[in-house]
$ cat protein-v9.txt   # compact mmCIF, C-alpha atoms
# COMPACT_ATOMS: atom_id res chain seq x y z
CA MET A 973 -12.16 -113.88 -77.38
CA LYS A 974 -9.83 -116.34 -75.63
CA LYS A 975 -6.82 -114.45 -76.96
CA THR A 976 -8.19 -111.22 -75.49
CA ARG A 977 -8.62 -112.77 -72.02
CA LEU A 978 -5.14 -114.27 -72.15
CA ARG A 979 -3.67 -110.90 -73.11
CA THR A 980 -5.52 -109.21 -70.22
CA ARG A 981 -4.18 -111.75 -67.68
CA ILE A 982 -0.62 -111.31 -68.97
CA ILE A 983 -0.92 -107.50 -68.67
CA ARG A 984 -2.21 -107.81 -65.08
CA LEU A 985 0.68 -110.08 -64.11
CA LEU A 986 3.19 -107.70 -65.66
CA LEU A 987 1.62 -104.74 -63.80
CA ALA A 988 1.69 -106.64 -60.50
CA GLY A 989 5.37 -107.48 -60.97
CA LEU A 990 6.11 -103.89 -61.87
CA LEU A 991 4.38 -102.64 -58.69
CA LEU A 992 6.49 -105.01 -56.58
CA LEU A 993 9.60 -103.43 -58.06
CA VAL A 994 8.41 -99.80 -57.89
CA LEU A 995 6.68 -99.64 -54.47
CA PRO A 996 9.87 -100.02 -52.31
CA SER A 997 11.58 -97.29 -54.29
CA LEU A 998 8.62 -94.99 -53.60
CA GLY A 999 9.14 -95.46 -49.84
CA LEU A 1000 5.95 -97.45 -49.34
CA GLN A 1001 6.17 -100.27 -46.82
CA THR A 1002 5.07 -103.79 -47.11
CA THR A 1003 3.31 -105.43 -44.16
CA GLU A 1004 6.66 -106.93 -43.05
CA ALA A 1005 8.42 -103.55 -43.25
CA ALA A 1006 5.65 -101.86 -41.26
CA ALA A 1007 6.01 -104.47 -38.54
CA ALA A 1008 9.72 -103.62 -38.26
CA LYS A 1009 9.03 -99.94 -37.51
CA PRO A 1010 10.12 -99.21 -33.89
CA GLN A 1011 7.78 -97.98 -31.24
CA ALA A 1012 7.83 -94.26 -30.46
CA PRO A 1013 9.62 -93.68 -27.10
CA LYS A 1014 7.46 -92.70 -24.14
CA VAL A 1015 9.51 -89.74 -22.88
CA THR A 1016 9.15 -87.94 -19.57
CA GLY A 1017 10.95 -84.72 -18.69
CA SER A 1018 11.65 -83.15 -15.31
CA ALA A 1019 13.70 -80.30 -13.87
CA ALA A 1020 15.69 -79.87 -10.67
CA GLY A 1021 17.04 -76.35 -10.30
CA TYR A 1022 18.57 -75.57 -13.70
CA TYR A 1023 19.15 -79.25 -14.64
CA VAL A 1024 16.83 -80.99 -17.10
CA THR A 1025 16.38 -84.75 -17.06
CA LEU A 1026 14.93 -86.72 -20.01
CA SER A 1027 14.19 -90.39 -19.61
CA TRP A 1028 12.24 -93.16 -21.35
CA PRO A 1029 11.97 -96.93 -21.16
CA ARG A 1030 13.20 -99.19 -23.94
CA ALA A 1031 11.04 -98.77 -27.05
CA ALA A 1032 9.98 -101.98 -28.80
CA ASN A 1033 12.01 -102.86 -31.92
CA ALA A 1034 14.41 -99.94 -31.32
CA ASP A 1035 18.16 -100.10 -31.91
CA GLY A 1036 18.74 -96.49 -30.81
CA TYR A 1037 17.33 -93.00 -30.51
CA GLU A 1038 17.87 -89.57 -31.99
CA ILE A 1039 17.24 -86.35 -30.04
CA LEU A 1040 16.47 -83.01 -31.60
CA LYS A 1041 16.57 -79.76 -29.60
CA TYR A 1042 14.60 -76.61 -30.32
CA GLN A 1043 16.69 -73.49 -31.01
CA ALA A 1044 14.93 -70.19 -30.37
CA ALA A 1045 17.35 -68.34 -32.67
CA ASP A 1046 15.84 -69.80 -35.84
CA ARG A 1047 12.75 -71.46 -34.32
CA GLN A 1048 13.80 -74.83 -35.64
CA TYR A 1049 14.67 -78.23 -34.18
CA HIS A 1050 18.25 -79.38 -34.73
CA TRP A 1051 20.02 -82.68 -34.19
CA PHE A 1052 21.36 -82.83 -30.62
CA LYS A 1053 22.37 -86.36 -29.72
CA THR A 1054 22.23 -89.97 -30.97
CA TYR A 1055 22.05 -92.98 -28.65
CA LYS A 1056 22.93 -96.40 -30.09
CA THR A 1057 21.41 -98.59 -27.41
CA THR A 1058 18.54 -101.00 -26.99
CA LYS A 1059 18.20 -100.16 -23.29
CA ALA A 1060 16.24 -97.54 -21.40
CA VAL A 1061 17.77 -94.05 -21.50
CA SER A 1062 18.10 -91.31 -18.88
CA LEU A 1063 20.21 -88.21 -19.39
CA THR A 1064 20.59 -85.04 -17.36
CA LEU A 1065 21.45 -81.78 -19.11
CA LYS A 1066 22.64 -78.52 -17.58
CA GLY A 1067 20.51 -75.53 -18.49
CA LYS A 1068 19.65 -72.15 -17.02
CA TYR A 1069 17.15 -70.98 -14.45
CA ASN A 1070 13.74 -69.83 -15.63
CA SER A 1071 14.05 -71.37 -19.09
CA THR A 1072 11.94 -73.64 -21.29
CA TYR A 1073 13.59 -76.52 -23.15
CA ARG A 1074 11.88 -78.44 -25.97
CA TYR A 1075 13.01 -81.73 -27.44
CA LYS A 1076 11.84 -84.28 -30.01
CA ILE A 1077 12.93 -87.88 -29.64
CA LYS A 1078 12.44 -90.70 -32.14
CA ALA A 1079 13.57 -94.31 -32.12
CA PHE A 1080 15.23 -96.03 -35.03
CA ARG A 1081 15.72 -99.63 -36.15
CA LEU A 1082 18.46 -100.79 -38.49
CA THR A 1083 17.05 -102.82 -41.37
CA ASN A 1084 19.41 -103.95 -44.10
CA GLY A 1085 21.83 -101.21 -43.09
CA LYS A 1086 19.16 -98.51 -43.24
CA LYS A 1087 17.38 -96.71 -40.38
CA VAL A 1088 13.65 -97.13 -40.03
CA TYR A 1089 12.30 -94.41 -37.72
CA SER A 1090 9.40 -94.24 -35.29
CA ASP A 1091 7.17 -91.23 -34.97
CA TYR A 1092 8.52 -88.30 -32.92
CA THR A 1093 7.70 -87.83 -29.25
CA SER A 1094 7.81 -84.21 -28.12
CA VAL A 1095 8.60 -83.09 -24.57
CA GLN A 1096 8.85 -79.66 -22.94
CA VAL A 1097 10.55 -78.90 -19.60
CA LYS A 1098 10.64 -75.66 -17.58
CA THR A 1099 13.53 -75.14 -15.19
CA ALA A 1100 13.14 -73.56 -11.75
CA CYS A 1101 12.90 -69.82 -11.20
CA SER A 1102 16.07 -69.45 -9.13
CA PRO A 1103 17.90 -70.95 -6.16
CA GLY A 1104 15.95 -71.27 -2.93
CA VAL A 1105 14.95 -68.05 -1.21
CA LYS A 1106 16.78 -67.70 2.13
CA ILE A 1107 14.94 -66.07 5.04
CA THR A 1108 17.55 -63.87 6.73
CA SER A 1109 15.64 -63.00 9.90
CA THR A 1110 12.28 -62.97 11.62
CA SER A 1111 11.07 -60.90 14.56
CA ARG A 1112 7.96 -60.51 16.68
CA ASP A 1113 7.96 -56.74 17.01
CA LYS A 1114 4.41 -56.45 18.26
CA THR A 1115 2.11 -58.64 20.32
CA ASP A 1116 0.00 -59.60 17.30
CA SER A 1117 2.39 -59.36 14.33
CA GLY A 1118 5.88 -60.14 13.15
CA VAL A 1119 8.22 -59.35 10.27
CA ILE A 1120 9.96 -61.74 7.86
CA ARG A 1121 13.04 -60.65 5.90
CA TRP A 1122 14.69 -62.51 3.03
CA GLN A 1123 17.33 -62.13 0.34
CA ALA A 1124 15.88 -60.50 -2.75
CA ASN A 1125 16.29 -62.23 -6.11
CA THR A 1126 16.65 -59.90 -9.09
CA HIS A 1127 15.51 -62.66 -11.48
CA ALA A 1128 12.20 -63.25 -9.71
CA ASP A 1129 8.84 -61.78 -10.63
CA GLY A 1130 7.58 -62.24 -7.10
CA TYR A 1131 7.52 -64.39 -3.97
CA GLU A 1132 5.17 -66.73 -2.17
CA VAL A 1133 5.16 -66.86 1.64
CA TRP A 1134 4.06 -70.17 3.17
CA ARG A 1135 3.23 -70.72 6.86
CA SER A 1136 2.71 -73.62 9.24
CA ASP A 1137 1.93 -74.08 12.93
CA SER A 1138 4.89 -76.45 13.32
CA ARG A 1139 8.30 -76.88 11.69
CA ASN A 1140 7.42 -80.21 10.09
CA GLY A 1141 3.72 -79.53 9.66
CA THR A 1142 1.64 -78.74 6.59
CA PHE A 1143 2.51 -75.37 5.06
CA THR A 1144 -0.13 -73.16 3.46
CA ARG A 1145 0.46 -70.19 1.19
CA VAL A 1146 -0.50 -67.03 3.09
CA MET A 1147 0.78 -64.28 0.80
CA THR A 1148 1.88 -63.66 -2.80
CA LEU A 1149 4.04 -60.59 -3.42
CA THR A 1150 4.91 -59.30 -6.88
CA GLY A 1151 8.19 -57.57 -7.68
CA SER A 1152 11.76 -58.81 -7.49
CA THR A 1153 12.89 -56.18 -4.96
CA LYS A 1154 10.49 -57.23 -2.20
CA ARG A 1155 12.48 -58.22 0.89
CA THR A 1156 10.10 -57.96 3.85
CA TRP A 1157 6.54 -58.82 4.79
CA ARG A 1158 4.59 -58.22 7.98
CA ASN A 1159 2.25 -60.98 9.12
CA SER A 1160 -0.44 -59.50 11.35
CA GLN A 1161 -3.21 -61.04 13.47
CA LEU A 1162 -0.89 -63.58 15.10
CA ALA A 1163 -1.71 -65.21 18.42
CA ARG A 1164 0.74 -63.81 20.98
CA ASP A 1165 1.25 -67.19 22.68
CA LYS A 1166 1.87 -69.15 19.46
CA GLU A 1167 4.99 -69.77 17.34
CA TYR A 1168 4.65 -69.66 13.53
CA PHE A 1169 6.94 -71.21 10.91
CA TYR A 1170 7.62 -69.81 7.44
CA LYS A 1171 9.30 -70.66 4.17
CA ILE A 1172 9.48 -68.68 0.92
CA ARG A 1173 9.88 -69.45 -2.74
CA ALA A 1174 10.30 -67.16 -5.75
CA PHE A 1175 8.31 -67.41 -8.96
CA CYS A 1176 9.04 -66.33 -12.53
CA LYS A 1177 6.76 -65.90 -15.50
CA ASN A 1178 7.59 -68.45 -18.16
CA GLY A 1179 5.49 -68.15 -21.28
CA SER A 1180 1.86 -68.53 -20.28
CA GLY A 1181 2.74 -70.17 -16.96
CA TYR A 1182 5.02 -69.86 -13.97
CA VAL A 1183 8.06 -71.69 -12.66
CA TYR A 1184 9.10 -71.70 -9.01
CA SER A 1185 12.29 -71.81 -7.01
CA SER A 1186 12.84 -74.31 -4.25
CA PHE A 1187 12.10 -73.31 -0.67
CA GLY A 1188 15.19 -71.98 1.05
CA GLY A 1189 14.71 -73.19 4.62
CA VAL A 1190 12.30 -72.68 7.51
CA LYS A 1191 12.42 -69.94 10.15
CA SER A 1192 9.92 -69.09 12.85
CA ILE A 1193 8.35 -66.02 14.39
CA PRO A 1194 8.45 -66.82 18.11
CA VAL A 1195 5.80 -66.26 20.73
CA TRP A 1196 5.51 -62.73 22.07
CA ALA A 1197 7.83 -61.99 24.95
CA GLU A 1198 7.92 -58.81 26.95
CA PRO A 1199 11.11 -56.91 26.15
CA THR A 1200 13.83 -57.46 28.71
CA PRO A 1201 14.78 -54.15 30.28
CA THR A 1202 18.35 -53.10 29.62
CA PRO A 1203 20.30 -53.77 32.80
CA THR A 1204 21.98 -50.86 34.47
CA PRO A 1205 25.74 -51.25 34.03
CA THR A 1206 27.67 -52.03 37.18
CA PRO A 1207 29.23 -48.71 38.20
CA LEU A 1208 32.97 -48.47 37.83
CA PRO A 1209 35.09 -47.89 40.92
CA GLU A 1210 36.52 -44.44 41.30
CA MET A 1211 39.88 -44.18 39.59
CA PRO A 1212 42.57 -44.07 42.30
CA VAL A 1213 45.12 -41.31 42.53
CA MET A 1214 48.22 -42.66 40.82
CA SER A 1215 51.48 -41.97 42.65
CA ARG A 1216 53.42 -43.85 40.02
CA LYS A 1217 53.13 -43.92 36.24
CA LEU A 1218 51.66 -47.05 34.71
CA MET A 1219 53.22 -48.07 31.37
CA MET A 1220 51.00 -50.47 29.38
CA VAL A 1221 53.01 -52.48 26.85
CA GLY A 1222 50.98 -54.85 24.72
CA ASP A 1223 48.85 -55.38 21.66
CA SER A 1224 45.33 -54.56 20.51
CA ARG A 1225 43.83 -56.09 23.65
CA PHE A 1226 45.14 -53.06 25.56
CA LEU A 1227 43.75 -50.67 22.96
CA ASN A 1228 40.34 -52.38 23.22
CA MET A 1229 40.61 -51.96 26.99
CA LYS A 1230 41.21 -48.23 26.63
CA GLY A 1231 38.29 -47.91 24.22
CA ALA A 1232 35.97 -49.83 26.56
CA LEU A 1233 36.86 -47.50 29.45
CA GLU A 1234 36.24 -44.43 27.32
CA MET A 1235 32.86 -45.79 26.20
CA ARG A 1236 31.86 -46.15 29.85
CA GLY A 1237 32.97 -42.61 30.61
CA ALA A 1238 35.81 -43.63 32.90
CA SER A 1239 38.12 -40.86 34.00
CA ILE A 1240 41.44 -42.39 33.01
CA SER A 1241 44.42 -41.13 34.93
CA PRO A 1242 46.96 -39.18 32.87
CA GLU A 1243 49.63 -41.24 34.62
CA ILE A 1244 48.68 -44.24 32.46
CA ASN A 1245 50.73 -44.47 29.26
CA TRP A 1246 49.14 -46.55 26.45
CA SER A 1247 51.51 -45.44 23.69
CA PHE A 1248 53.40 -48.74 23.55
CA SER A 1249 50.28 -50.78 22.77
CA SER A 1250 49.56 -51.28 19.09
CA TRP A 1251 47.18 -53.13 16.77
CA GLY A 1252 48.63 -56.52 15.84
CA GLY A 1253 51.32 -56.08 18.49
CA THR A 1254 54.23 -58.51 18.25
CA LEU A 1255 57.63 -58.72 19.91
CA ALA A 1256 59.22 -57.45 16.69
CA LEU A 1257 57.13 -54.24 16.85
CA PHE A 1258 58.07 -53.62 20.47
CA LYS A 1259 61.75 -54.31 19.79
CA ALA A 1260 61.67 -51.44 17.30
CA GLN A 1261 60.42 -49.10 20.07
CA VAL A 1262 62.26 -50.51 23.06
CA ASN A 1263 65.04 -47.91 23.18
CA ALA A 1264 62.55 -45.01 23.20
CA PHE A 1265 60.56 -46.86 25.84
CA THR A 1266 63.62 -47.47 28.04
CA GLU A 1267 64.39 -43.73 28.09
CA LEU A 1268 61.00 -43.08 29.73
CA VAL A 1269 61.47 -45.67 32.47
CA ASP A 1270 62.45 -44.42 35.94
CA GLU A 1271 62.00 -45.28 39.64
CA THR A 1272 58.29 -44.29 39.49
CA SER A 1273 57.43 -46.66 36.66
CA ASP A 1274 55.13 -49.69 36.87
CA ILE A 1275 55.54 -51.67 33.64
CA VAL A 1276 52.85 -54.16 32.62
CA LEU A 1277 53.89 -56.39 29.71
CA TRP A 1278 50.96 -58.16 28.03
CA LEU A 1279 52.52 -59.44 24.82
CA GLY A 1280 52.45 -62.79 23.08
CA VAL A 1281 48.99 -63.53 21.70
CA ASN A 1282 50.16 -62.69 18.17
CA ASP A 1283 53.34 -64.75 18.49
CA CYS A 1284 52.87 -67.76 20.74
CA GLY A 1285 51.11 -69.76 18.06
CA TYR A 1286 54.47 -70.18 16.36
CA ILE A 1287 56.72 -73.05 17.42
CA ARG A 1288 59.24 -72.15 20.15
CA LYS A 1289 58.54 -68.42 19.88
CA TYR A 1290 58.68 -68.29 23.67
CA ASN A 1291 62.49 -68.61 23.43
CA GLU A 1292 62.63 -65.21 21.72
CA TYR A 1293 60.50 -63.67 24.48
CA ILE A 1294 62.63 -65.20 27.23
CA GLU A 1295 65.80 -63.91 25.60
CA PHE A 1296 64.33 -60.43 25.15
CA TYR A 1297 63.00 -60.20 28.73
CA LYS A 1298 66.32 -61.56 30.06
CA ASN A 1299 68.18 -58.67 28.38
CA TYR A 1300 65.82 -55.75 29.09
CA VAL A 1301 63.83 -56.40 32.28
CA PRO A 1302 66.96 -56.16 34.54
CA LYS A 1303 67.79 -52.78 32.94
CA TRP A 1304 64.34 -51.43 33.83
CA ALA A 1305 64.50 -52.93 37.30
CA GLU A 1306 67.90 -51.27 37.91
CA LYS A 1307 66.20 -47.91 37.24
CA GLY A 1308 63.76 -48.68 40.04
CA ALA A 1309 60.82 -49.81 37.88
CA ARG A 1310 58.49 -52.61 38.91
CA VAL A 1311 57.89 -55.03 36.05
CA TYR A 1312 54.88 -57.34 35.68
CA ILE A 1313 54.67 -59.95 32.92
CA LEU A 1314 51.02 -60.90 32.40
CA ALA A 1315 50.24 -64.33 31.06
CA VAL A 1316 48.62 -64.38 27.62
CA GLY A 1317 44.86 -64.57 28.12
CA PRO A 1318 42.71 -67.41 26.74
CA LEU A 1319 41.14 -67.47 23.30
CA GLY A 1320 37.39 -67.08 23.11
CA GLY A 1321 37.03 -70.04 20.72
CA SER A 1322 38.77 -71.74 17.81
CA ASP A 1323 40.27 -69.76 14.94
CA PRO A 1324 38.88 -71.06 11.61
CA ILE A 1325 42.00 -69.85 9.77
CA TYR A 1326 44.53 -71.24 12.28
CA PRO A 1327 42.69 -74.19 13.91
CA SER A 1328 45.93 -75.48 15.46
CA TYR A 1329 46.23 -72.31 17.54
CA THR A 1330 44.43 -73.35 20.73
CA ASN A 1331 44.42 -72.56 24.44
CA SER A 1332 46.71 -75.52 25.05
CA VAL A 1333 49.34 -73.73 22.90
CA ILE A 1334 48.88 -70.58 24.99
CA GLU A 1335 49.20 -72.59 28.20
CA GLU A 1336 52.53 -74.02 27.00
CA PHE A 1337 53.78 -70.53 26.11
CA ASN A 1338 52.74 -69.10 29.49
CA GLY A 1339 54.31 -72.03 31.31
CA LYS A 1340 57.71 -71.45 29.66
CA ILE A 1341 57.68 -67.71 30.52
CA GLN A 1342 56.60 -68.39 34.12
CA GLU A 1343 59.32 -71.01 34.53
CA ALA A 1344 61.96 -68.56 33.28
CA VAL A 1345 60.83 -65.93 35.80
CA GLU A 1346 60.69 -68.32 38.74
CA ASN A 1347 64.06 -69.98 38.05
CA GLY A 1348 65.82 -66.62 37.70
CA THR A 1349 66.47 -66.73 33.96
CA ILE A 1350 64.42 -63.52 33.78
CA GLN A 1351 65.43 -61.34 36.74
CA GLY A 1352 63.56 -58.31 38.08
CA ALA A 1353 60.04 -59.30 36.96
CA ARG A 1354 56.91 -60.75 38.55
CA PHE A 1355 54.85 -63.24 36.55
CA VAL A 1356 51.07 -62.70 36.86
CA ASP A 1357 48.80 -65.59 35.84
CA ALA A 1358 46.09 -63.54 34.14
CA TYR A 1359 45.19 -66.63 32.08
CA THR A 1360 43.97 -68.59 35.11
CA TYR A 1361 42.33 -65.45 36.53
CA LEU A 1362 40.17 -65.11 33.43
CA LYS A 1363 39.41 -68.81 33.12
CA ASN A 1364 38.30 -69.03 36.75
CA THR A 1365 36.47 -65.73 37.20
CA ASP A 1366 35.05 -64.71 33.83
CA THR A 1367 33.28 -66.26 30.87
CA THR A 1368 32.18 -63.08 29.10
CA TYR A 1369 35.25 -63.20 26.90
CA LEU A 1370 33.43 -65.94 25.01
CA SER A 1371 31.03 -63.31 23.68
CA ALA A 1372 33.78 -61.27 22.05
CA THR A 1373 33.48 -60.30 18.38
CA ASP A 1374 36.30 -62.70 17.51
CA VAL A 1375 38.39 -65.32 19.28
CA TYR A 1376 41.25 -62.93 20.16
CA HIS A 1377 39.60 -59.78 21.54
CA TYR A 1378 37.49 -59.56 24.65
CA SER A 1379 34.11 -58.04 25.37
CA ASN A 1380 34.06 -54.54 26.85
CA ASP A 1381 33.11 -55.80 30.31
CA THR A 1382 35.95 -58.33 30.32
CA SER A 1383 38.46 -55.70 29.17
CA ILE A 1384 37.35 -53.38 31.98
CA LYS A 1385 37.60 -56.20 34.51
CA ILE A 1386 41.20 -56.92 33.47
CA PHE A 1387 42.03 -53.21 33.75
CA TYR A 1388 40.92 -53.06 37.38
CA TYR A 1389 42.67 -56.35 38.03
CA ILE A 1390 45.89 -54.66 36.88
CA LEU A 1391 45.18 -51.56 39.00
CA GLU A 1392 44.75 -53.71 42.09
CA LEU A 1393 47.98 -55.48 41.19
CA VAL A 1394 50.10 -52.31 40.94
CA THR A 1395 48.41 -50.23 43.70
CA GLY A 1396 47.81 -53.07 46.14
CA SER A 1397 44.33 -51.67 46.82
CA ALA A 1398 41.29 -53.99 46.73
CA LYS A 1399 39.12 -50.89 46.28
CA THR A 1400 39.85 -51.08 42.60
CA ARG A 1401 38.09 -54.41 42.18
CA TRP A 1402 35.15 -54.39 39.79
CA ARG A 1403 32.50 -57.09 39.55
$ encode --input "protein-v9.txt" --output "structure tokens"
Amino acid sequence: MKKTRLRTRIIRLLLAGLLLLVLPSLGLQTTEAAAAKPQAPKVTGSAAGYYVTLSWPRAANADGYEILKYQAADRQYHWFKTYKTTKAVSLTLKGKYNSTYRYKIKAFRLTNGKKVYSDYTSVQVKTACSPGVKITSTSRDKTDSGVIRWQANTHADGYEVWRSDSRNGTFTRVMTLTGSTKRTWRNSQLARDKEYFYKIRAFCKNGSGYVYSSFGGVKSIPVWAEPTPTPTPTPLPEMPVMSRKLMMVGDSRFLNMKGALEMRGASISPEINWSFSSWGGTLALFKAQVNAFTELVDETSDIVLWLGVNDCGYIRKYNEYIEFYKNYVPKWAEKGARVYILAVGPLGGSDPIYPSYTNSVIEEFNGKIQEAVENGTIQGARFVDAYTYLKNTDTTYLSATDVYHYSNDTSIKIFYYILELVTGSAKTRWR
């Protein structure tokens, strides 16, 4: 009996020793190994536009982290990135608009050269629908309603219109419109004496939910204002009978002047010759035509030279003009012509392409030409300070379509200024 008990105890001890050898190879953990298992990371995901940010604080017992990313092509998660760090992690990844990104992150701990992993933490992030929706215009076209217009987004499934009583107030959604091609919406039942503020965002279907764009800025529908009646244009003076022929030599400012007169129905005298004015007019262009021009000049000619705006932005270009005028103006004067050199007119603002080209440059150019006329370098011409005339008597040139060309009213005013100059009659003054 005692031998049987002894044999049983020996067998139990052998089995216990065998289990201690076999259990680690089976992947089963002892209490100490279980304690070494790292904590699963507490991951948060967020999106800003089409960027995805994943972040998590340091996980207990972790020596690093592995990230797996879901691939829709095979519907499987694949290794994406490994971080060997014991610190907190934050990474920002570039994606696409209106997309869903899925990740699995697990921590690992190195034990005897082997990785012991935590459980996975899954996270899903949806990126925004599209860039912010820009409101292009608003208008109060009736006493009790207004229209909002915005840039359509072909990727959107629809738009939300939000409204507030003040620019920085609380906005409330007032309309949801489906369809990517929507570009306008009329808001009716508005108080006529109240201003309303709007912003718009797009939305896209994303799985069972929706993702939204950012808001693209705030614009208002103003209070109702009675339409301002269109003012009656100031009537043009009657065109005087021209006893002499007027030869207009210049650039596109003269052609704009002619067009402005025609738009107003002015009866332009056939004695006015515009043929030596051209778009982009420069001294080089006029030099190519000067011989043909000189043949037309006689004792009945009044020559108005309004050149330079396309050239005087270049350093010392005025020397070329002085030399040219010095050679040709006396020839015209000898034929009996009266020659007027008009100062280059002011710019209506700064040129974004040539910011160094300013009114101070024009003033220097005009000053050099005027000096050459007054000291006799250029003989047979009269210098006319049209620059100062415009600066002192007119500001409408500031409303021109660009910084070089003038408004129609300003162009017409200069025309009658020239007529008064060559005819000596104040009856040609306008405005």
$ closest_residue --input "protein-v9.txt" --among "A:Gly1036, A:Gly1141, A:Gly1237, A:Pro1103" --to "Tyr1184 in chain A" --atoms "all atoms listed in the file"
A:Pro1103
$ closest_residue --input "protein-v9.txt" --among "A:Leu1393, A:Ala1034, A:Leu1233, A:Val1146" --to "Phe1080 in chain A" --atoms "only C-alpha atoms"
A:Ala1034
$ closest_residue --input "protein-v9.txt" --among "A:Leu1255, A:Val1119, A:Val1088, A:Ala1019" --to "Pro1194 in chain A" --atoms "only C-alpha atoms"
A:Val1119
$ atom_distance --input "protein-v9.txt" --atom1 "CA of Thr1148 in chain A" --atom2 "CA of Tyr1131 in chain A"
5.8 Å
$ atom_distance --input "protein-v9.txt" --atom1 "CA of Gln1011 in chain A" --atom2 "CA of Gln1048 in chain A"
24.3 Å
$ atom_distance --input "protein-v9.txt" --atom1 "CA of Tyr1376 in chain A" --atom2 "CA of Leu1257 in chain A"
18.4 Å
$ residues_around --input "protein-v9.txt" --residues "Ser1247 in chain A" --least-positions-apart "4" --cutoff "9 Å" --atoms "all atoms listed in the file" --output "VMD selection string"
chain A and resid 1219 to 1221
